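Engineer: My structure is in final-v2.txt, and what it holds is compact mmCIF, C-alpha atoms:
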# COMPACT_ATOMS: atom_id res chain seq x y z
CA MET A 1110 41.90 -3.83 23.94
CA THR A 1111 40.97 -0.24 23.03
CA SER A 1112 43.88 2.18 23.18
CA PRO A 1113 43.41 5.46 25.11
CA ALA A 1114 44.24 7.45 21.96
CA THR A 1115 41.49 5.70 20.04
CA THR A 1116 38.95 6.38 22.79
CA THR A 1117 39.78 10.08 23.13
CA GLN A 1118 40.05 10.82 19.41
CA ALA A 1119 36.80 9.11 18.36
CA PRO A 1120 34.43 11.90 19.57
CA GLN A 1121 36.56 14.53 17.83
CA ARG A 1122 36.52 12.59 14.55
CA ILE A 1123 32.77 12.02 14.79
CA TRP A 1124 32.06 15.72 15.38
CA ALA A 1125 34.48 16.88 12.68
CA LEU A 1126 32.63 14.76 10.12
CA ALA A 1127 29.12 15.33 11.44
CA TRP A 1128 28.86 19.11 11.71
CA PRO A 1129 29.21 19.88 7.96
CA ILE A 1130 26.55 17.26 7.21
CA ILE A 1131 24.18 18.65 9.83
CA LEU A 1132 24.70 22.19 8.52
CA SER A 1133 24.19 21.09 4.92
CA ASN A 1134 20.97 19.29 5.91
CA ILE A 1135 19.66 22.51 7.40
CA THR A 1136 20.12 24.27 4.03
CA VAL A 1137 17.75 21.85 2.27
CA PRO A 1138 14.40 23.26 3.52
CA LEU A 1139 15.58 26.78 2.63
CA LEU A 1140 15.31 25.93 -1.06
CA GLY A 1141 11.80 24.57 -0.58
CA LEU A 1142 10.79 27.77 1.19
CA VAL A 1143 12.14 29.91 -1.67
CA ASP A 1144 10.44 27.76 -4.31
CA THR A 1145 7.18 28.08 -2.41
CA ALA A 1146 7.55 31.84 -1.88
CA VAL A 1147 8.45 32.55 -5.52
CA VAL A 1148 5.74 30.41 -7.11
CA GLY A 1149 3.26 31.12 -4.32
CA HIS A 1150 3.14 34.78 -5.36
CA LEU A 1151 2.07 33.97 -8.91
CA PRO A 1152 -1.57 34.88 -9.68
CA ASP A 1153 -2.75 31.25 -10.00
CA SER A 1154 -2.37 28.61 -7.26
CA ARG A 1155 -2.07 25.80 -9.82
CA TYR A 1156 1.60 26.71 -10.37
CA LEU A 1157 2.38 26.17 -6.71
CA ALA A 1158 0.41 22.91 -6.78
CA ALA A 1159 2.37 21.79 -9.84
CA VAL A 1160 5.74 22.49 -8.21
CA THR A 1161 4.61 20.74 -5.03
CA LEU A 1162 3.51 17.64 -6.97
CA GLY A 1163 6.65 17.58 -9.10
CA ALA A 1164 9.04 18.15 -6.21
CA THR A 1165 7.33 15.42 -4.18
CA LEU A 1166 7.60 13.00 -7.09
CA PHE A 1167 11.30 13.65 -7.61
CA GLY A 1168 11.98 13.53 -3.90
CA PHE A 1169 10.70 9.95 -3.81
CA LEU A 1170 12.30 9.03 -7.15
CA TYR A 1171 15.79 10.21 -6.25
CA TRP A 1172 15.52 8.85 -2.71
CA GLY A 1173 15.12 5.45 -4.32
CA PHE A 1174 18.56 5.84 -5.90
CA GLY A 1175 20.23 6.96 -2.68
CA PHE A 1176 22.15 3.67 -2.72
CA LEU A 1177 24.60 5.34 -5.10
CA ARG A 1178 25.71 7.54 -2.20
CA MET A 1179 25.51 4.96 0.60
CA GLY A 1180 27.12 2.04 -1.25
CA THR A 1181 29.97 4.22 -2.50
CA THR A 1182 30.64 5.52 1.02
CA GLY A 1183 30.85 2.08 2.61
CA LEU A 1184 33.11 0.50 0.00
CA THR A 1185 35.33 3.58 -0.34
CA SER A 1186 35.85 3.90 3.42
CA GLN A 1187 36.95 0.26 3.59
CA ALA A 1188 39.38 0.79 0.70
CA VAL A 1189 40.77 3.82 2.56
CA GLY A 1190 41.24 1.65 5.64
CA ARG A 1191 43.19 -0.88 3.54
CA GLU A 1192 45.24 2.03 2.11
CA ASP A 1193 44.29 0.82 -1.37
CA ASP A 1194 44.34 4.00 -3.45
CA GLU A 1195 43.68 2.13 -6.68
CA ALA A 1196 40.50 0.64 -5.25
CA VAL A 1197 39.42 4.13 -4.17
CA ARG A 1198 39.95 5.32 -7.75
CA THR A 1199 38.12 2.33 -9.20
CA LEU A 1200 35.10 2.81 -6.94
CA LEU A 1201 34.80 6.41 -8.10
CA GLY A 1202 34.91 5.39 -11.76
CA GLN A 1203 32.47 2.52 -11.31
CA SER A 1204 30.02 4.58 -9.27
CA LEU A 1205 30.06 7.47 -11.75
CA LEU A 1206 29.55 5.15 -14.72
CA LEU A 1207 26.70 3.38 -12.94
CA ALA A 1208 25.11 6.71 -11.95
CA GLY A 1209 25.47 8.01 -15.50
CA ALA A 1210 23.92 4.90 -17.01
CA ILE A 1211 20.91 4.99 -14.66
CA GLY A 1212 20.54 8.74 -15.18
CA VAL A 1213 20.53 8.48 -18.97
CA LEU A 1214 18.02 5.63 -18.76
CA LEU A 1215 15.74 7.82 -16.64
CA VAL A 1216 16.00 10.65 -19.18
CA LEU A 1217 15.15 8.33 -22.07
CA ALA A 1218 12.51 6.15 -20.43
CA GLY A 1219 11.32 8.13 -17.41
CA GLY A 1220 8.14 9.46 -19.02
CA PRO A 1221 5.88 6.52 -18.05
CA LEU A 1222 7.37 6.52 -14.55
CA VAL A 1223 6.51 10.21 -14.17
CA GLU A 1224 2.97 9.66 -15.45
CA PHE A 1225 2.45 6.79 -13.01
CA GLY A 1226 3.86 8.81 -10.10
CA LEU A 1227 1.63 11.81 -10.84
CA TRP A 1228 -1.36 9.50 -11.13
CA LEU A 1229 -0.59 8.15 -7.64
CA LEU A 1230 -0.28 11.69 -6.25
CA ASP A 1231 -3.76 12.41 -7.65
CA GLY A 1232 -3.65 16.18 -8.09
CA SER A 1233 -6.14 18.27 -10.03
CA ASP A 1234 -6.11 17.98 -13.83
CA GLN A 1235 -4.64 21.46 -14.34
CA ALA A 1236 -1.96 21.04 -11.66
CA THR A 1237 -1.06 17.56 -12.92
CA ALA A 1238 -0.64 18.83 -16.50
CA LEU A 1239 1.72 21.58 -15.31
CA ALA A 1240 3.51 19.11 -13.03
CA ALA A 1241 4.07 16.82 -16.03
CA ASP A 1242 5.78 19.68 -17.89
CA TYR A 1243 7.83 20.44 -14.77
CA ALA A 1244 8.82 16.77 -14.48
CA ARG A 1245 9.89 16.47 -18.12
CA ILE A 1246 12.33 19.31 -17.52
CA ARG A 1247 13.52 17.95 -14.15
CA LEU A 1248 14.24 14.53 -15.69
CA LEU A 1249 17.04 16.13 -17.71
CA SER A 1250 19.04 16.55 -14.50
CA ALA A 1251 18.89 12.84 -13.53
CA PRO A 1252 22.48 12.04 -14.67
CA ALA A 1253 23.81 15.03 -12.71
CA VAL A 1254 21.83 14.27 -9.55
CA LEU A 1255 22.90 10.61 -9.46
CA ALA A 1256 26.52 11.42 -10.31
CA ASN A 1257 26.51 13.94 -7.45
CA TYR A 1258 25.33 11.15 -5.13
CA ALA A 1259 28.34 9.07 -6.16
CA ILE A 1260 30.73 12.00 -5.69
CA LEU A 1261 29.34 12.79 -2.24
CA GLY A 1262 29.61 9.16 -1.20
CA TRP A 1263 33.17 8.92 -2.49
CA PHE A 1264 34.33 11.99 -0.56
CA LEU A 1265 32.50 10.96 2.60
CA GLY A 1266 34.16 7.55 2.37
CA GLN A 1267 37.47 9.43 2.51
CA GLN A 1268 36.26 11.30 5.62
CA ASN A 1269 35.77 14.57 3.80
CA SER A 1270 32.26 15.67 4.73
CA ARG A 1271 32.87 19.35 4.01
CA ILE A 1272 32.41 18.58 0.31
CA THR A 1273 28.77 17.80 1.14
CA LEU A 1274 28.36 21.27 2.60
CA TRP A 1275 30.09 23.00 -0.31
CA LEU A 1276 28.10 21.16 -2.96
CA LEU A 1277 24.73 21.70 -1.27
CA VAL A 1278 25.43 25.37 -0.63
CA LEU A 1279 26.40 25.79 -4.30
CA THR A 1280 23.40 23.82 -5.58
CA ASN A 1281 20.87 25.61 -3.40
CA GLY A 1282 22.48 29.01 -3.92
CA VAL A 1283 22.42 28.73 -7.73
CA ASN A 1284 18.89 27.32 -7.57
CA ILE A 1285 17.58 30.17 -5.44
CA LEU A 1286 19.26 32.81 -7.61
CA LEU A 1287 17.86 31.31 -10.82
CA ASP A 1288 14.41 30.96 -9.26
CA LEU A 1289 14.39 34.71 -8.80
CA VAL A 1290 15.82 35.39 -12.27
CA PHE A 1291 13.50 33.06 -14.19
CA VAL A 1292 10.25 33.55 -12.26
CA VAL A 1293 10.45 37.07 -10.89
CA GLY A 1294 12.72 38.56 -13.57
CA LEU A 1295 11.66 36.75 -16.76
CA GLY A 1296 8.05 35.98 -15.86
CA MET A 1297 8.32 32.21 -16.13
CA THR A 1298 6.16 29.95 -13.94
CA SER A 1299 6.65 26.36 -12.71
CA ASP A 1300 8.83 25.66 -15.75
CA GLY A 1301 11.25 28.36 -14.55
CA VAL A 1302 11.60 26.61 -11.19
CA ALA A 1303 12.34 23.33 -13.01
CA TRP A 1304 15.02 24.87 -15.25
CA ALA A 1305 16.61 26.56 -12.23
CA THR A 1306 16.95 23.16 -10.56
CA VAL A 1307 18.40 21.48 -13.67
CA ILE A 1308 21.05 24.18 -14.13
CA ALA A 1309 21.90 24.09 -10.40
CA ASP A 1310 22.35 20.29 -10.50
CA TYR A 1311 24.76 20.45 -13.44
CA SER A 1312 26.62 23.38 -11.84
CA ALA A 1313 27.14 21.23 -8.75
CA LEU A 1314 28.31 18.33 -10.93
CA ALA A 1315 30.88 20.53 -12.67
CA PHE A 1316 32.16 21.77 -9.32
CA GLY A 1317 32.17 18.25 -7.91
CA LEU A 1318 34.17 16.87 -10.85
CA TRP A 1319 36.70 19.67 -10.39
CA LEU A 1320 37.08 18.71 -6.74
CA VAL A 1321 37.41 15.05 -7.79
CA SER A 1322 40.20 15.90 -10.23
CA ARG A 1323 42.11 17.63 -7.44
CA GLN A 1324 41.63 14.70 -5.06
CA LEU A 1325 42.76 12.16 -7.66
CA GLY A 1326 46.11 13.92 -7.72
CA ASN A 1327 46.61 12.86 -4.12
CA LEU A 1328 45.96 9.18 -4.85
CA GLU A 1329 48.46 6.67 -6.15
CA GLY A 1330 47.70 4.26 -8.98
CA ARG A 1331 45.59 4.80 -12.06
CA PHE A 1332 42.26 3.85 -13.57
CA ARG A 1333 42.30 0.40 -15.15
CA ARG A 1334 40.04 -0.10 -18.14
CA GLY A 1335 39.33 -3.71 -17.25
CA ARG A 1336 37.87 -2.77 -13.87
CA LEU A 1337 35.71 -0.07 -15.41
CA CYS A 1338 34.54 -1.87 -18.54
CA ARG A 1339 34.08 -5.47 -17.39
CA LEU A 1340 30.68 -6.18 -15.86
CA ALA A 1341 32.17 -8.84 -13.56
CA ALA A 1342 34.30 -6.16 -11.89
CA TYR A 1343 31.12 -4.49 -10.61
CA ARG A 1344 29.98 -7.54 -8.65
CA GLU A 1345 30.62 -6.18 -5.16
CA LEU A 1346 29.19 -2.75 -6.01
CA PHE A 1347 26.09 -4.35 -7.55
CA GLN A 1348 25.55 -6.61 -4.52
CA VAL A 1349 25.77 -3.75 -2.06
CA ASN A 1350 23.63 -1.39 -4.14
CA ALA A 1351 20.97 -3.99 -4.94
CA ASN A 1352 20.35 -4.68 -1.26
CA LEU A 1353 20.33 -0.96 -0.50
CA PHE A 1354 17.81 -0.39 -3.29
CA VAL A 1355 15.49 -3.11 -1.97
CA ARG A 1356 15.84 -1.73 1.55
CA THR A 1357 14.95 1.77 0.32
CA LEU A 1358 11.89 0.45 -1.53
CA GLY A 1359 10.74 -1.09 1.76
CA LEU A 1360 11.13 2.26 3.53
CA LEU A 1361 9.29 4.05 0.73
CA PHE A 1362 6.44 1.57 1.02
CA ALA A 1363 6.25 2.09 4.79
CA MET A 1364 6.07 5.87 4.36
CA ALA A 1365 3.59 5.69 1.46
CA PHE A 1366 1.36 3.31 3.43
CA PHE A 1367 1.41 5.63 6.44
CA THR A 1368 0.47 8.60 4.24
CA SER A 1369 -2.33 6.73 2.44
CA ARG A 1370 -3.88 5.43 5.69
CA GLY A 1371 -3.78 8.94 7.12
CA ALA A 1372 -5.41 10.31 3.97
CA ALA A 1373 -8.20 7.76 4.32
CA GLN A 1374 -9.11 9.42 7.62
CA GLY A 1375 -9.72 12.80 5.99
CA ASP A 1376 -7.86 15.91 4.90
CA THR A 1377 -7.44 17.25 8.45
CA VAL A 1378 -5.74 14.08 9.70
CA LEU A 1379 -3.62 13.93 6.55
CA ALA A 1380 -2.47 17.53 7.06
CA ALA A 1381 -1.83 16.98 10.78
CA ASN A 1382 0.29 13.91 10.07
CA ALA A 1383 2.24 15.87 7.44
CA VAL A 1384 3.01 18.52 10.07
CA LEU A 1385 4.14 15.91 12.59
CA LEU A 1386 6.32 14.18 10.01
CA GLN A 1387 8.25 17.45 9.83
CA PHE A 1388 9.23 16.80 13.46
CA ILE A 1389 10.82 13.53 12.32
CA MET A 1390 12.55 15.38 9.49
CA LEU A 1391 13.96 17.95 11.93
CA THR A 1392 15.32 15.16 14.14
CA SER A 1393 16.87 13.45 11.14
CA TYR A 1394 18.99 16.52 10.36
CA GLY A 1395 21.06 15.84 13.47
CA LEU A 1396 20.90 12.04 13.56
CA ASP A 1397 21.90 11.74 9.89
CA GLY A 1398 25.04 13.74 10.55
CA PHE A 1399 26.29 11.31 13.17
CA ALA A 1400 25.15 8.28 11.15
CA HIS A 1401 27.08 9.50 8.09
CA ALA A 1402 30.15 10.10 10.23
CA ALA A 1403 29.82 6.54 11.55
CA GLU A 1404 29.66 5.25 7.96
CA ALA A 1405 33.03 6.74 7.07
CA LEU A 1406 34.84 5.90 10.30
CA THR A 1407 33.52 2.37 10.83
CA GLY A 1408 34.21 1.56 7.19
CA ARG A 1409 37.82 2.64 7.61
CA SER A 1410 38.10 0.51 10.74
CA VAL A 1411 36.70 -2.51 8.89
CA GLY A 1412 39.25 -2.00 6.13
CA ARG A 1413 42.04 -1.84 8.71
CA ARG A 1414 40.59 -4.73 10.74
CA ARG A 1415 40.81 -2.48 13.80
CA TRP A 1416 37.85 -3.64 15.87
CA ASP A 1417 38.91 -1.62 18.92
CA GLU A 1418 38.72 1.52 16.80
CA PHE A 1419 35.41 0.31 15.32
CA ALA A 1420 33.87 -0.11 18.79
CA ALA A 1421 35.15 3.26 19.99
CA THR A 1422 33.62 4.96 16.95
CA VAL A 1423 30.24 3.33 17.52
CA ARG A 1424 30.25 4.30 21.22
CA SER A 1425 31.09 7.92 20.42
CA ALA A 1426 28.52 8.16 17.65
CA ALA A 1427 25.94 6.60 19.99
CA ARG A 1428 26.59 9.25 22.66
CA PHE A 1429 26.13 12.09 20.18
CA SER A 1430 23.04 10.44 18.68
CA LEU A 1431 21.40 9.76 22.06
CA ALA A 1432 22.05 13.35 23.16
CA THR A 1433 20.45 14.61 19.93
CA ALA A 1434 17.45 12.28 20.28
CA GLY A 1435 16.97 13.22 23.93
CA GLY A 1436 17.20 16.91 23.10
CA ALA A 1437 14.63 16.49 20.32
CA ALA A 1438 12.23 14.59 22.58
CA LEU A 1439 12.53 17.29 25.27
CA ALA A 1440 12.06 20.08 22.71
CA PHE A 1441 8.94 18.44 21.30
CA ALA A 1442 7.53 17.88 24.79
CA LEU A 1443 8.08 21.49 25.86
CA GLY A 1444 7.73 23.36 22.57
CA GLY A 1445 5.75 21.04 20.32
CA GLU A 1446 2.58 23.14 20.38
CA TRP A 1447 4.56 26.24 19.42
CA LEU A 1448 6.28 24.36 16.58
CA ILE A 1449 2.94 23.10 15.27
CA ALA A 1450 1.62 26.68 15.30
CA LEU A 1451 4.72 27.75 13.38
CA LEU A 1452 4.09 25.13 10.69
CA THR A 1453 0.34 25.72 10.22
CA GLY A 1454 -2.18 28.43 11.00
CA LEU A 1455 -5.23 26.23 10.41
CA PRO A 1456 -7.01 25.73 13.77
CA ASP A 1457 -8.37 22.26 12.98
CA VAL A 1458 -5.00 21.01 11.79
CA ARG A 1459 -3.23 22.54 14.81
CA ASN A 1460 -5.64 20.94 17.25
CA THR A 1461 -5.46 17.57 15.54
CA ALA A 1462 -1.66 17.60 15.37
CA GLY A 1463 -1.50 18.55 19.05
CA HIS A 1464 -3.67 15.56 19.89
CA TYR A 1465 -1.04 13.21 18.44
CA LEU A 1466 2.00 15.17 19.66
CA PRO A 1467 2.98 12.61 22.38
CA TRP A 1468 4.00 10.18 19.63
CA MET A 1469 6.63 12.71 18.53
CA VAL A 1470 8.11 12.81 22.03
CA VAL A 1471 8.66 9.06 22.01
CA MET A 1472 9.70 8.64 18.37
CA PRO A 1473 13.28 10.06 18.53
CA LEU A 1474 14.17 7.82 21.47
CA ILE A 1475 13.13 4.74 19.49
CA ALA A 1476 14.34 5.79 16.03
CA VAL A 1477 17.83 6.83 17.17
CA TRP A 1478 19.13 3.26 17.00
CA SER A 1479 17.96 2.66 13.45
CA TYR A 1480 19.63 5.89 12.26
CA LEU A 1481 22.90 5.13 14.03
CA LEU A 1482 23.13 1.45 13.13
CA ASP A 1483 22.18 2.10 9.51
CA GLY A 1484 25.35 4.19 9.38
CA VAL A 1485 27.42 1.50 11.11
CA PHE A 1486 26.12 -1.25 8.83
CA ILE A 1487 26.69 0.84 5.68
CA GLY A 1488 30.29 1.38 6.75
CA ALA A 1489 30.69 -2.35 7.36
CA THR A 1490 28.75 -3.10 4.12
CA ALA A 1491 26.44 -5.38 6.11
CA ILE A 1492 23.60 -4.38 3.82
CA ARG A 1493 21.57 -7.58 3.85
CA GLU A 1494 21.07 -7.09 7.58
CA MET A 1495 19.72 -3.58 6.97
CA ARG A 1496 17.40 -4.96 4.30
CA ASN A 1497 16.22 -7.70 6.64
CA SER A 1498 15.43 -5.21 9.40
CA ILE A 1499 13.08 -3.35 7.06
CA PHE A 1500 11.15 -6.43 6.03
CA VAL A 1501 10.90 -7.83 9.55
CA GLY A 1502 9.59 -4.41 10.55
CA LEU A 1503 7.02 -4.43 7.72
CA ALA A 1504 5.91 -7.94 8.66
CA ILE A 1505 4.91 -6.60 12.09
CA TYR A 1506 3.92 -3.04 11.06
CA LEU A 1507 1.04 -4.10 8.82
CA PRO A 1508 -0.62 -6.56 11.26
CA VAL A 1509 -0.30 -4.05 14.11
CA TRP A 1510 -2.04 -1.43 11.97
CA TRP A 1511 -4.77 -3.92 11.09
CA LEU A 1512 -5.35 -4.87 14.72
CA THR A 1513 -5.42 -1.24 15.92
CA ARG A 1514 -7.62 0.27 13.19
CA GLY A 1515 -10.28 0.91 15.82
CA LEU A 1516 -7.92 3.43 17.44
CA GLY A 1517 -7.95 5.59 14.30
CA ASN A 1518 -4.87 7.74 13.81
CA HIS A 1519 -3.48 6.70 17.20
CA GLY A 1520 -3.41 3.15 15.88
CA LEU A 1521 -1.59 4.29 12.74
CA TRP A 1522 1.06 6.12 14.77
CA LEU A 1523 1.39 3.12 17.10
CA ALA A 1524 1.97 0.83 14.11
CA PHE A 1525 4.59 3.20 12.69
CA LEU A 1526 6.33 3.42 16.07
CA VAL A 1527 6.34 -0.38 16.32
CA PHE A 1528 7.82 -0.59 12.81
CA THR A 1529 10.62 1.75 13.89
CA ALA A 1530 11.16 -0.14 17.17
CA VAL A 1531 11.37 -3.50 15.38
CA ARG A 1532 13.90 -2.10 12.90
CA SER A 1533 16.02 -0.80 15.77
CA THR A 1534 15.73 -4.06 17.70
CA VAL A 1535 16.75 -6.21 14.73
CA LEU A 1536 19.77 -4.00 14.01
CA VAL A 1537 20.84 -4.00 17.66
CA ALA A 1538 20.57 -7.81 17.73
CA TYR A 1539 22.69 -8.11 14.60
CA TYR A 1540 25.24 -5.67 15.99
CA ARG A 1541 25.59 -7.49 19.31
CA HIS A 1542 25.96 -10.82 17.52
CA TYR A 1543 28.61 -9.56 15.11
CA ARG A 1544 30.55 -7.84 17.89
CA ARG A 1545 30.99 -11.30 19.41
CA THR A 1546 31.89 -12.92 16.09
CA ARG A 1547 33.03 -11.20 12.90
CA TRP A 1548 33.60 -7.76 14.48
CA ALA A 1549 35.29 -9.04 17.64
CA SER A 1550 38.57 -7.61 18.87
CA ALA A 1551 41.46 -10.07 19.10
CA LYS A 1552 42.12 -11.36 22.61
CA THR A 1553 45.32 -10.13 24.20
Translate the structure described by the file into structure tokens.

Structural biologist:
Amino acid sequence: MTSPATTTQAPQRIWALAWPIILSNITVPLLGLVDTAVVGHLPDSRYLAAVTLGATLFGFLYWGFGFLRMGTTGLTSQAVGREDDEAVRTLLGQSLLLAGAIGVLLVLAGGPLVEFGLWLLDGSDQATALAADYARIRLLSAPAVLANYAILGWFLGQQNSRITLWLLVLTNGVNILLDLVFVVGLGMTSDGVAWATVIADYSALAFGLWLVSRQLGNLEGRFRRGRLCRLAAYRELFQVNANLFVRTLGLLFAMAFFTSRGAAQGDTVLAANAVLLQFIMLTSYGLDGFAHAAEALTGRSVGRRRWDEFAATVRSAARFSLATAGGAALAFALGGEWLIALLTGLPDVRNTAGHYLPWMVVMPLIAVWSYLLDGVFIGATAIREMRNSIFVGLAIYLPVWWLTRGLGNHGLWLAFLVFTAVRSTVLVAYYRHYRRTRWASAKT
């Protein structure tokens, strides 16, 4: 039975965790705008093309290693629920060592990966050459970026989402300042933007480690060498992260396939789809905040075996998420044409994007469940189920696209919507099943 205190406090806890994440998400496009403005005023457009190619490449590359944040959050929140401070310490040490090892490997062996990625992006020869130089510099920050993922996940698992805001504000602030110093002040080009990002990433890592050292003082226990140095001690972390990695690869494939099939229909359709995908990105700023809050709070409930608290958290997060999705759908229905005009001044692209705008009205109402339940399942470390939802979705996404090719871009958007709907349906089915079994409240 759910206690009244649990029911009334859940919305407050969700909002307290979500708002810093939502605000920090909003800061992310600001950096992209500054990068574009600074390099876009250089006398040759190839520098802007190089930064665009390089930033796109690293966006996909680092997204693939997002499991370092998600896996750390889920396991840490459960350890917090068990009141096991030593496990919280151990997860930090293991996650940082794993992030450092992967980051160093990327620095040492990332060259061929960068070349392959730039080949796939298929830019002009001049832009690709500059992007390769940009990427070689950006690779140096891989250990810092991945370690920051682990730190963010660790703090979020302890229900401290304000660290996310502080670290992103610091990173983006230093990056913007150094963009201006290196490019405007010192006359550097795309290489200046790359060095600004590297220095900003390591500045954030230094600040994050200082915050970690303060937090460790509040935890009992100590680091144990055996748990940090023995490979067998990483078994649970490896299992969670491996499934998250596979799940992320599936998502990356779905997005890459959508982009490639849009590109096959011509530059105007490709550009229109890119504009409409920004609508999805805008929606994600809000939905991610509530999903991340659900990660931390449901994980703690799992650790405490408090299924009444677990259910109350999910209900509260669902209310916030549905309100956000409904608001986004209404905003796109009423102001979508204006938003398209804000994002592009090209008449053909604006008209084409407007033709497919109805898909954006429907999408938030379908996608909301996959965002929310991803957070719930990360907190419960039910990662195989998340992975399965992606591959069931892909198994239906590709045939639907094949069967609807005659509809052109409408068929592509229909296939992508079906992929999202299948993901949501599979996760809802898993959730309902587990609420009757492994996540069931004890009868009283």

Engineer: Rounded to one decimal place, report the CA of Arg1333 in chain A-CA of Glu1195 in chain A distance in Å.

Structural biologist: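 Separation of CA of Arg1333 in chain A and CA of Glu1195 in chain A: 8.8 Å.
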
Engineer: Kindly compute an axis-aligned box around the listed atoms of range 1484-1497 of chain A, allowing 5 Å on each side, and express its centre and edge lengths in Å to one decimal as AutoDock Vina command-line options.

Structural biologist:
--center_x 23.5 --center_y -1.8 --center_z 7.5 --size_x 24.5 --size_y 21.9 --size_z 17.3

Engineer: Give me, please, the distance in Å between CA of Leu1287 in chain A and CA of Phe1316 in chain A, quoted to one decimal.

Structural biologist: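 So the answer is 17.3 Å.
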
Engineer: What's the 10 Å shell around range 1362-1365 of chain A, counting only C-alpha atoms, without same-chain residues fewer than 4 positions away, as a ChimeraX atom specification?

Structural biologist: /A:1169,1356-1358,1369-1371,1499-1500,1502-1503,1506-1507,1525,1528

Engineer: Skip Gln1268 in chain A itself and residues of its chain fewer than 2 positions away, then list as number ranges by chain all residues within 8 Å of it, counting all atoms listed in the file.

Structural biologist: A: 1126, 1186, 1264-1266, 1270, 1402, 1405-1406

Engineer: Rounded to one decimal, what separation in Å do you get between CA of Gly1301 in chain A and CA of Gly1220 in chain A?

Structural biologist: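 CA of Gly1220 in chain A lies 19.7 Å from CA of Gly1301 in chain A.
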
Engineer: Ala1315 in chain A: which residues within 12 Å, counting all atoms listed in the file, same-chain residues fewer than 3 positions away excluded, as a VMD selection string?

Structural biologist: chain A and resid 1253 to 1254 1256 to 1257 1260 1276 1279 to 1280 1308 to 1312 1318 to 1322

Engineer: Given the choices A:Ala1305, A:Leu1248, A:Ala1119, A:Leu1261, which gets closest to Val1216 in chain A if the distance is worked out from only C-alpha atoms?

Structural biologist: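 Smallest distance to Val1216 in chain A is found for A:Leu1248.
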
Engineer: Please identify all polymer residues lying at most 12 Å from the point (13.2, 4.8, 14.5) (file coordinates), using only C-alpha atoms, and present the result as a ChimeraX atom specification.

Structural biologist: /A:1360,1389-1390,1392-1393,1396,1434,1468-1469,1471-1483,1498-1499,1502,1524-1536

Engineer: Can you write just those residues out, C-alpha atoms, as a CSV table (one decimal), in the coordinates of the input?

Structural biologist:
chain,number,residue,atom,x,y,z
A,1360,LEU,CA,11.1,2.3,3.5
A,1389,ILE,CA,10.8,13.5,12.3
A,1390,MET,CA,12.6,15.4,9.5
A,1392,THR,CA,15.3,15.2,14.1
A,1393,SER,CA,16.9,13.4,11.1
A,1396,LEU,CA,20.9,12.0,13.6
A,1434,ALA,CA,17.4,12.3,20.3
A,1468,TRP,CA,4.0,10.2,19.6
A,1469,MET,CA,6.6,12.7,18.5
A,1471,VAL,CA,8.7,9.1,22.0
A,1472,MET,CA,9.7,8.6,18.4
A,1473,PRO,CA,13.3,10.1,18.5
A,1474,LEU,CA,14.2,7.8,21.5
A,1475,ILE,CA,13.1,4.7,19.5
A,1476,ALA,CA,14.3,5.8,16.0
A,1477,VAL,CA,17.8,6.8,17.2
A,1478,TRP,CA,19.1,3.3,17.0
A,1479,SER,CA,18.0,2.7,13.4
A,1480,TYR,CA,19.6,5.9,12.3
A,1481,LEU,CA,22.9,5.1,14.0
A,1482,LEU,CA,23.1,1.4,13.1
A,1483,ASP,CA,22.2,2.1,9.5
A,1498,SER,CA,15.4,-5.2,9.4
A,1499,ILE,CA,13.1,-3.4,7.1
A,1502,GLY,CA,9.6,-4.4,10.6
A,1524,ALA,CA,2.0,0.8,14.1
A,1525,PHE,CA,4.6,3.2,12.7
A,1526,LEU,CA,6.3,3.4,16.1
A,1527,VAL,CA,6.3,-0.4,16.3
A,1528,PHE,CA,7.8,-0.6,12.8
A,1529,THR,CA,10.6,1.8,13.9
A,1530,ALA,CA,11.2,-0.1,17.2
A,1531,VAL,CA,11.4,-3.5,15.4
A,1532,ARG,CA,13.9,-2.1,12.9
A,1533,SER,CA,16.0,-0.8,15.8
A,1534,THR,CA,15.7,-4.1,17.7
A,1535,VAL,CA,16.8,-6.2,14.7
A,1536,LEU,CA,19.8,-4.0,14.0

Engineer: Restricting the calculation to only C-alpha atoms, which member of A:Thr1298, A:Asn1497, A:Asn1518, A:Thr1513 is positioned closest to Leu1466 in chain A?

Structural biologist: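 Using only C-alpha atoms, Leu1466 in chain A sits closest to A:Asn1518.
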
Engineer: With distances taken over only C-alpha atoms, which of A:Ile1449, A:Ala1421, A:Leu1214, A:Ala1244 is nearest to Tyr1465 in chain A?

Structural biologist: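 Ranked by minimum distance to Tyr1465 in chain A, first place goes to A:Ile1449.
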
Engineer: Would you mind telling me which residue in A:Asn1327, A:Arg1178, A:Arg1541, A:Arg1155 lies nearest to Ser1233 in chain A when using all atoms listed in the file?

Structural biologist: A:Arg1155

Engineer: So which one's closest to Glu1329 in chain A, A:Leu1386, A:Ala1196, A:Leu1274, A:Ala1504? Using all atoms listed in the file, please.

Structural biologist: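 That would be A:Ala1196, the residue with the smallest distance to Glu1329 in chain A.
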
Engineer: Nearest residue to Gln1203 in chain A out of A:Gly1517, A:Gly1190, A:Gly1317, A:Gly1180, using only C-alpha atoms?

Structural biologist: A:Gly1180

Engineer: Could you name the residues that touch Tyr1171 in chain A at 12 Å or less, counting all atoms listed in the file, but leaving out those on the same chain fewer than 4 positions away, as a list of chain:residue names?

Structural biologist: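 That gives A:Ala1164, A:Thr1165, A:Leu1166, A:Phe1167, A:Gly1175, A:Phe1176, A:Leu1177, A:Arg1178, A:Ala1208, A:Ile1211, A:Gly1212, A:Leu1215, A:Arg1247, A:Leu1248, A:Ser1250, A:Ala1251, A:Pro1252, A:Ala1253, A:Val1254, A:Leu1255, A:Ala1256, A:Asn1257, A:Tyr1258, A:Phe1354, A:Thr1357, A:Leu1358, A:Leu1361.
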